>>> print(open('upload.csv').read())   # CSV, N, CA and C atoms
chain,number,residue,atom,x,y,z
A,156,MET,N,67.6,96.5,117.0
A,156,MET,CA,67.7,97.6,118.0
A,156,MET,C,67.4,98.9,117.3
A,157,ARG,N,67.1,99.9,118.0
A,157,ARG,CA,66.9,101.2,117.5
A,157,ARG,C,67.9,102.2,118.1
A,158,VAL,N,68.6,102.9,117.2
A,158,VAL,CA,69.5,103.9,117.6
A,158,VAL,C,69.3,105.2,116.7
A,159,ASN,N,69.1,106.3,117.4
A,159,ASN,CA,68.8,107.6,116.8
A,159,ASN,C,67.7,107.5,115.7
A,160,GLY,N,66.7,106.7,116.0
A,160,GLY,CA,65.5,106.6,115.1
A,160,GLY,C,65.7,105.7,114.0
A,161,HIS,N,66.9,105.0,113.9
A,161,HIS,CA,67.1,104.0,112.8
A,161,HIS,C,67.1,102.6,113.4
A,162,ASP,N,66.3,101.7,112.8
A,162,ASP,CA,66.3,100.3,113.2
A,162,ASP,C,67.5,99.6,112.6
A,163,VAL,N,68.3,98.9,113.4
A,163,VAL,CA,69.5,98.2,112.9
A,163,VAL,C,69.4,96.8,113.3
A,164,TYR,N,69.5,95.9,112.3
A,164,TYR,CA,69.5,94.4,112.6
A,164,TYR,C,70.9,94.0,112.8
A,165,CYS,N,71.2,93.5,113.9
A,165,CYS,CA,72.6,93.0,114.2
A,165,CYS,C,72.8,91.5,113.9
A,166,GLY,N,71.8,90.8,113.7
A,166,GLY,CA,71.9,89.4,113.5
A,166,GLY,C,71.1,88.6,114.5
A,167,LYS,N,71.1,87.3,114.4
A,167,LYS,CA,70.4,86.4,115.3
A,167,LYS,C,70.8,86.7,116.8
A,168,PHE,N,69.8,86.9,117.6
A,168,PHE,CA,70.1,87.2,119.0
A,168,PHE,C,71.0,86.2,119.6
A,169,GLY,N,72.0,86.7,120.3
A,169,GLY,CA,73.0,85.8,121.0
A,169,GLY,C,74.1,85.3,120.2
A,170,SER,N,74.0,85.5,118.8
A,170,SER,CA,75.1,84.9,118.0
A,170,SER,C,76.4,85.8,118.1
A,171,ALA,N,77.5,85.2,117.7
A,171,ALA,CA,78.7,85.9,117.7
A,171,ALA,C,78.7,87.1,116.7
A,172,GLU,N,78.0,86.9,115.5
A,172,GLU,CA,77.9,88.0,114.5
A,172,GLU,C,77.1,89.2,115.1
A,173,ALA,N,76.0,88.9,115.8
A,173,ALA,CA,75.2,89.9,116.4
A,173,ALA,C,76.0,90.7,117.5
A,174,LYS,N,76.7,90.0,118.3
A,174,LYS,CA,77.5,90.7,119.4
A,174,LYS,C,78.6,91.5,118.7
A,175,ALA,N,79.2,91.0,117.7
A,175,ALA,CA,80.3,91.8,117.1
A,175,ALA,C,79.7,93.0,116.4
A,176,LYS,N,78.6,92.9,115.7
A,176,LYS,CA,78.0,94.1,115.0
A,176,LYS,C,77.5,95.1,116.0
A,177,TYR,N,76.9,94.6,117.1
A,177,TYR,CA,76.4,95.5,118.2
A,177,TYR,C,77.6,96.3,118.8
A,178,ASP,N,78.7,95.6,119.1
A,178,ASP,CA,79.9,96.2,119.7
A,178,ASP,C,80.4,97.3,118.7
A,179,ARG,N,80.5,96.9,117.5
A,179,ARG,CA,81.0,97.8,116.4
A,179,ARG,C,80.1,99.1,116.3
A,180,LEU,N,78.8,98.8,116.2
A,180,LEU,CA,77.9,99.9,116.1
A,180,LEU,C,78.0,100.9,117.3
A,181,ILE,N,77.9,100.4,118.5
A,181,ILE,CA,78.0,101.3,119.7
A,181,ILE,C,79.3,102.0,119.7
A,182,SER,N,80.4,101.3,119.5
A,182,SER,CA,81.7,101.9,119.5
A,182,SER,C,81.8,103.1,118.5
A,183,GLU,N,81.4,102.8,117.3
A,183,GLU,CA,81.5,103.9,116.2
A,183,GLU,C,80.5,105.0,116.5
A,184,TRP,N,79.3,104.7,117.1
A,184,TRP,CA,78.3,105.7,117.4
A,184,TRP,C,78.9,106.6,118.5
A,185,LEU,N,79.5,106.1,119.5
A,185,LEU,CA,80.1,106.9,120.6
A,185,LEU,C,81.3,107.7,120.1
A,186,GLN,N,82.1,107.1,119.3
A,186,GLN,CA,83.3,107.8,118.7
A,186,GLN,C,82.9,109.0,117.9
A,187,ARG,N,81.7,108.9,117.2
A,187,ARG,CA,81.3,110.0,116.3
A,187,ARG,C,80.4,111.0,117.1
A,188,GLY,N,80.4,111.0,118.4
A,188,GLY,CA,79.6,111.9,119.2
A,188,GLY,C,78.1,111.6,119.1
A,189,ARG,N,77.8,110.3,119.2
A,189,ARG,CA,76.4,109.8,119.1
A,189,ARG,C,75.7,110.1,117.8
A,190,VAL,N,76.5,110.1,116.7
A,190,VAL,CA,76.0,110.2,115.3
A,190,VAL,C,76.2,108.8,114.7
A,191,LEU,N,75.2,108.3,114.0
A,191,LEU,CA,75.3,107.0,113.4
A,191,LEU,C,76.4,106.9,112.3
A,192,PRO,N,77.1,105.8,112.2
A,192,PRO,CA,78.0,105.6,111.1
A,192,PRO,C,77.3,105.6,109.8
A,193,GLN,N,78.0,105.9,108.7
A,193,GLN,CA,77.4,105.9,107.4
A,193,GLN,C,76.8,104.6,106.9
A,194,TRP,N,77.5,103.5,107.4
A,194,TRP,CA,77.0,102.2,107.0
A,194,TRP,C,75.6,101.8,107.5
A,195,VAL,N,75.2,102.6,108.6
A,195,VAL,CA,73.9,102.3,109.1
A,195,VAL,C,72.8,103.2,108.5
A,196,THR,N,73.2,104.5,108.2
A,196,THR,CA,72.2,105.4,107.6
A,196,THR,C,72.0,105.2,106.1
A,197,GLY,N,73.0,104.5,105.5
A,197,GLY,CA,72.8,104.2,104.0
A,197,GLY,C,73.5,105.3,103.1
A,198,ALA,N,74.1,106.3,103.7
A,198,ALA,CA,74.7,107.3,102.9
A,198,ALA,C,76.1,106.8,102.5
A,199,GLU,N,76.4,106.6,101.2
A,199,GLU,CA,77.7,106.2,100.8
A,199,GLU,C,78.1,105.0,101.6
A,200,THR,N,77.5,103.9,101.6
A,200,THR,CA,77.7,102.8,102.5
A,200,THR,C,79.1,102.3,102.5
A,201,ALA,N,79.6,102.2,103.8
A,201,ALA,CA,80.9,101.6,104.0
A,201,ALA,C,80.9,100.1,103.9
A,202,GLU,N,79.7,99.6,104.1
A,202,GLU,CA,79.5,98.1,103.9
A,202,GLU,C,78.5,97.9,102.8
A,203,PRO,N,78.8,97.0,101.9
A,203,PRO,CA,77.9,96.9,100.7
A,203,PRO,C,76.5,96.3,101.1
A,204,SER,N,76.4,95.7,102.3
A,204,SER,CA,75.1,95.1,102.6
A,204,SER,C,74.1,96.1,103.2
A,205,SER,N,73.0,96.1,102.6
A,205,SER,CA,71.9,97.0,103.1
A,205,SER,C,70.9,96.2,103.9
A,206,ALA,N,71.1,94.9,104.0
A,206,ALA,CA,70.2,94.1,104.8
A,206,ALA,C,70.5,94.1,106.3
A,207,GLY,N,71.6,94.7,106.7
A,207,GLY,CA,72.0,94.8,108.1
A,207,GLY,C,72.9,93.7,108.6
A,208,SER,N,73.2,92.7,107.8
A,208,SER,CA,74.2,91.7,108.2
A,208,SER,C,75.5,92.0,107.6
A,209,LEU,N,76.5,91.4,108.2
A,209,LEU,CA,77.9,91.6,107.7
A,209,LEU,C,78.1,90.9,106.4
A,210,PRO,N,78.7,91.5,105.4
A,210,PRO,CA,79.0,90.8,104.2
A,210,PRO,C,79.9,89.6,104.4
A,211,THR,N,79.8,88.6,103.5
A,211,THR,CA,80.5,87.4,103.7
A,211,THR,C,81.7,87.3,102.7
A,212,ALA,N,81.7,88.1,101.6
A,212,ALA,CA,82.7,87.9,100.5
A,212,ALA,C,84.0,88.6,100.9
A,213,GLY,N,85.1,88.1,100.4
A,213,GLY,CA,86.4,88.8,100.5
A,213,GLY,C,87.1,88.4,101.8
A,214,PRO,N,88.4,88.6,101.8
A,214,PRO,CA,89.1,88.3,103.1
A,214,PRO,C,88.7,89.2,104.2
A,215,SER,N,88.6,88.7,105.4
A,215,SER,CA,88.2,89.5,106.5
A,215,SER,C,89.4,90.2,107.2
A,216,ILE,N,89.1,91.1,108.0
A,216,ILE,CA,90.1,91.8,108.8
A,216,ILE,C,90.8,90.8,109.7
A,217,ALA,N,90.1,89.8,110.2
A,217,ALA,CA,90.8,88.8,111.0
A,217,ALA,C,91.9,88.0,110.2
A,218,GLU,N,91.6,87.7,109.0
A,218,GLU,CA,92.6,87.0,108.1
A,218,GLU,C,93.8,87.9,107.9
A,219,LEU,N,93.5,89.2,107.7
A,219,LEU,CA,94.7,90.1,107.5
A,219,LEU,C,95.5,90.2,108.7
A,220,LEU,N,94.8,90.3,109.9
A,220,LEU,CA,95.5,90.4,111.1
A,220,LEU,C,96.3,89.1,111.4
A,221,LEU,N,95.8,88.0,111.0
A,221,LEU,CA,96.6,86.7,111.2
A,221,LEU,C,97.8,86.8,110.4
A,222,ALA,N,97.7,87.2,109.1
A,222,ALA,CA,98.9,87.3,108.3
A,222,ALA,C,99.9,88.3,108.9
A,223,TYR,N,99.4,89.4,109.4
A,223,TYR,CA,100.3,90.4,110.0
A,223,TYR,C,101.0,89.8,111.3
A,224,LYS,N,100.2,89.0,112.0
A,224,LYS,CA,100.8,88.3,113.2
A,224,LYS,C,102.0,87.4,112.8
A,225,PHE,N,101.8,86.6,111.7
A,225,PHE,CA,102.8,85.7,111.2
A,225,PHE,C,104.1,86.6,110.9
A,226,HIS,N,103.8,87.7,110.2
A,226,HIS,CA,104.9,88.6,109.8
A,226,HIS,C,105.7,89.1,111.1
A,227,THR,N,104.9,89.6,112.1
A,227,THR,CA,105.6,90.2,113.2
A,227,THR,C,106.3,89.1,114.1
A,228,ASP,N,105.7,87.9,114.1
A,228,ASP,CA,106.4,86.8,114.8
A,228,ASP,C,107.7,86.5,114.2
A,229,ASP,N,107.8,86.6,112.9
A,229,ASP,CA,109.1,86.3,112.2
A,229,ASP,C,110.0,87.5,112.4
A,230,TYR,N,109.5,88.7,112.1
A,230,TYR,CA,110.4,89.9,112.2
A,230,TYR,C,110.9,90.2,113.6
A,231,TYR,N,110.0,90.0,114.6
A,231,TYR,CA,110.4,90.4,116.0
A,231,TYR,C,110.7,89.1,116.8
A,232,LYS,N,111.2,88.0,116.2
A,232,LYS,CA,111.4,86.8,116.9
A,232,LYS,C,112.3,86.9,118.1
A,233,GLY,N,113.2,87.9,118.1
A,233,GLY,CA,114.1,88.1,119.3
A,233,GLY,C,113.6,89.1,120.3
A,234,ALA,N,112.4,89.7,120.0
A,234,ALA,CA,111.8,90.7,120.9
A,234,ALA,C,110.4,90.4,121.3
A,235,PRO,N,110.2,89.6,122.3
A,235,PRO,CA,108.9,89.2,122.7
A,235,PRO,C,108.1,90.4,123.2
A,236,ALA,N,108.7,91.4,123.8
A,236,ALA,CA,108.0,92.5,124.3
A,236,ALA,C,107.4,93.3,123.1
A,237,GLU,N,108.0,93.4,122.0
A,237,GLU,CA,107.5,94.1,120.8
A,237,GLU,C,106.3,93.4,120.3
A,238,ARG,N,106.4,92.0,120.2
A,238,ARG,CA,105.3,91.2,119.7
A,238,ARG,C,104.0,91.4,120.7
A,239,GLU,N,104.3,91.5,122.0
A,239,GLU,CA,103.2,91.7,122.9
A,239,GLU,C,102.5,93.1,122.7
A,240,LYS,N,103.3,94.1,122.5
A,240,LYS,CA,102.8,95.4,122.3
A,240,LYS,C,101.9,95.5,121.0
A,241,ILE,N,102.4,94.8,120.0
A,241,ILE,CA,101.6,94.7,118.7
A,241,ILE,C,100.3,94.0,118.9
A,242,ARG,N,100.4,92.9,119.7
A,242,ARG,CA,99.2,92.1,120.0
A,242,ARG,C,98.1,92.9,120.7
A,243,LEU,N,98.6,93.7,121.7
A,243,LEU,CA,97.7,94.5,122.5
A,243,LEU,C,97.1,95.7,121.6
A,244,ALA,N,97.9,96.2,120.7
A,244,ALA,CA,97.5,97.3,119.9
A,244,ALA,C,96.4,96.9,118.9
A,245,VAL,N,96.5,95.7,118.4
A,245,VAL,CA,95.5,95.3,117.3
A,245,VAL,C,94.3,94.6,118.0
A,246,ARG,N,94.3,94.4,119.2
A,246,ARG,CA,93.1,93.7,119.9
A,246,ARG,C,91.8,94.4,119.6
A,247,PRO,N,91.7,95.8,119.8
A,247,PRO,CA,90.4,96.4,119.6
A,247,PRO,C,90.0,96.3,118.1
A,248,LEU,N,90.9,96.4,117.2
A,248,LEU,CA,90.6,96.2,115.8
A,248,LEU,C,90.0,94.8,115.5
A,249,ARG,N,90.7,93.8,116.1
A,249,ARG,CA,90.2,92.4,116.0
A,249,ARG,C,88.8,92.3,116.6
A,250,GLU,N,88.6,92.8,117.8
A,250,GLU,CA,87.3,92.6,118.5
A,250,GLU,C,86.2,93.3,117.8
A,251,LEU,N,86.4,94.5,117.2
A,251,LEU,CA,85.3,95.3,116.6
A,251,LEU,C,85.1,94.9,115.1
A,252,TYR,N,86.2,94.5,114.4
A,252,TYR,CA,86.1,94.4,112.9
A,252,TYR,C,86.5,93.1,112.4
A,253,ALA,N,86.7,92.1,113.2
A,253,ALA,CA,87.2,90.8,112.7
A,253,ALA,C,86.4,90.2,111.6
A,254,LEU,N,85.1,90.3,111.7
A,254,LEU,CA,84.2,89.7,110.7
A,254,LEU,C,84.0,90.5,109.4
A,255,THR,N,84.5,91.8,109.5
A,255,THR,CA,84.3,92.7,108.4
A,255,THR,C,85.3,92.4,107.2
A,256,PRO,N,84.8,92.3,106.0
A,256,PRO,CA,85.7,92.1,104.9
A,256,PRO,C,86.5,93.3,104.6
A,257,ARG,N,87.7,93.1,104.1
A,257,ARG,CA,88.6,94.3,103.7
A,257,ARG,C,87.9,94.9,102.5
A,258,ARG,N,87.9,96.3,102.5
A,258,ARG,CA,87.3,97.0,101.4
A,258,ARG,C,88.4,97.3,100.3
A,259,ARG,N,87.9,97.3,99.1
A,259,ARG,CA,88.8,97.8,98.0
A,259,ARG,C,88.3,99.2,97.7
A,260,VAL,N,89.3,100.1,97.5
A,260,VAL,CA,89.0,101.5,97.3
A,260,VAL,C,89.3,101.9,95.9
A,261,ARG,N,88.4,102.5,95.2
A,261,ARG,CA,88.7,103.0,93.8
A,261,ARG,C,88.8,104.6,93.9
A,262,THR,N,89.9,105.1,93.5
A,262,THR,CA,90.0,106.6,93.4
A,262,THR,C,90.1,107.0,92.0
A,263,ALA,N,89.8,108.3,91.7
A,263,ALA,CA,89.8,108.8,90.4
A,263,ALA,C,91.1,108.5,89.7
A,264,GLY,N,91.0,107.9,88.5
A,264,GLY,CA,92.2,107.7,87.7
A,264,GLY,C,93.1,106.6,88.1
A,265,THR,N,92.7,105.7,89.0
A,265,THR,CA,93.5,104.6,89.5
A,265,THR,C,92.8,103.3,89.5
A,266,GLU,N,93.5,102.3,89.6
A,266,GLU,CA,92.9,100.9,89.7
A,266,GLU,C,92.4,100.7,91.1
A,267,ASP,N,91.6,99.6,91.2
A,267,ASP,CA,91.2,99.2,92.6
A,267,ASP,C,92.5,98.8,93.3
A,268,ARG,N,92.6,99.2,94.6
A,268,ARG,CA,93.7,98.8,95.4
A,268,ARG,C,93.3,98.7,96.8
A,269,ALA,N,94.1,98.0,97.6
A,269,ALA,CA,93.8,97.8,99.0
A,269,ALA,C,95.0,98.1,99.8
A,270,GLY,N,94.8,98.3,101.1
A,270,GLY,CA,95.9,98.5,102.0
A,270,GLY,C,95.8,99.9,102.6
A,271,PRO,N,96.8,100.3,103.4
A,271,PRO,CA,96.8,101.5,104.1
A,271,PRO,C,96.8,102.7,103.2
A,272,ASP,N,97.5,102.6,102.0
A,272,ASP,CA,97.6,103.8,101.1
A,272,ASP,C,96.2,104.0,100.5
A,273,ALA,N,95.4,102.9,100.3
A,273,ALA,CA,94.1,103.1,99.7
A,273,ALA,C,93.2,103.8,100.7
A,274,LEU,N,93.3,103.5,101.9
A,274,LEU,CA,92.4,104.1,102.9
A,274,LEU,C,92.7,105.6,103.1
A,275,ALA,N,94.0,106.0,102.9
A,275,ALA,CA,94.4,107.4,103.0
A,275,ALA,C,93.6,108.3,102.1
A,276,ASP,N,93.2,107.7,100.9
A,276,ASP,CA,92.4,108.5,99.9
A,276,ASP,C,90.9,108.4,100.1
A,277,ASP,N,90.5,107.6,101.1
A,277,ASP,CA,89.1,107.4,101.3
A,277,ASP,C,88.5,108.3,102.3
A,278,PRO,N,87.6,109.2,102.0
A,278,PRO,CA,87.0,110.1,103.0
A,278,PRO,C,86.2,109.5,104.0
A,279,ASN,N,85.8,108.2,103.8
A,279,ASN,CA,84.9,107.5,104.8
A,279,ASN,C,85.7,106.7,105.7
A,280,ALA,N,87.1,106.6,105.5
A,280,ALA,CA,87.9,105.7,106.4
A,280,ALA,C,88.2,106.4,107.7
>>> encode(input="upload.csv", output="structure tokens")
Amino acid sequence: MRVNGHDVYCGKFGSAEAKAKYDRLISEWLQRGRVLPQWVTGAETAEPSSAGSLPTAGPSIAELLLAYKFHTDDYYKGAPAEREKIRLAVRPLRELYALTPRRRVRTAGTEDRAGPDALADDPNA
């Protein structure tokens, strides 16, 4: 597909990967005021793949969300309403980024690390 003059390959037509990447691209494009995300334009790539397909290495966001679900099921076992609120809150994240591998962020003077504190230092997050 072509967006803002850039050709973007989302994957084999009709595949789950193509639909997920298309949804993510359009969502991020609209959120940025119809400006392409950096992982499409190639500037300081947020995704290591330049071929246009989603990278396959590393734990995915879906795997992290599943681990979080197990945690919340245990922590909020007596509060089904809270578990439902969390499930609804993470749904857009799962739908847009489930196949995306978790990024590791390196900041000056520190080791590679992952998690919310790592993303806080990342200007591309």
>>> closest_residue(input="upload.csv", among="A:Lys232, A:Arg242, A:Arg249, A:Arg157", to="A:Ile181", atoms="only C-alpha atoms")
A:Arg157
>>> atom_distance(input="upload.csv", atom1="atom CA of A:Ala253", atom2="atom CA of A:Leu220")
8.5 Å
>>> atom_distance(input="upload.csv", atom1="atom N of A:Gly166", atom2="atom C of A:Asp178")
11.9 Å
>>> residues_around(input="upload.csv", residues="A:His161", least_positions_apart="4", cutoff="8 Å", atoms="all atoms listed in the file", output="VMD selection string")
chain A and resid 156 to 157 195 to 196
>>> atom_distance(input="upload.csv", atom1="atom N of A:Leu180", atom2="atom CA of A:Glu250")
10.8 Å
>>> closest_residue(input="upload.csv", among="A:Gln193, A:Thr255, A:Thr227, A:Ser182", to="A:Pro214", atoms="only N, CA and C atoms")
A:Thr255
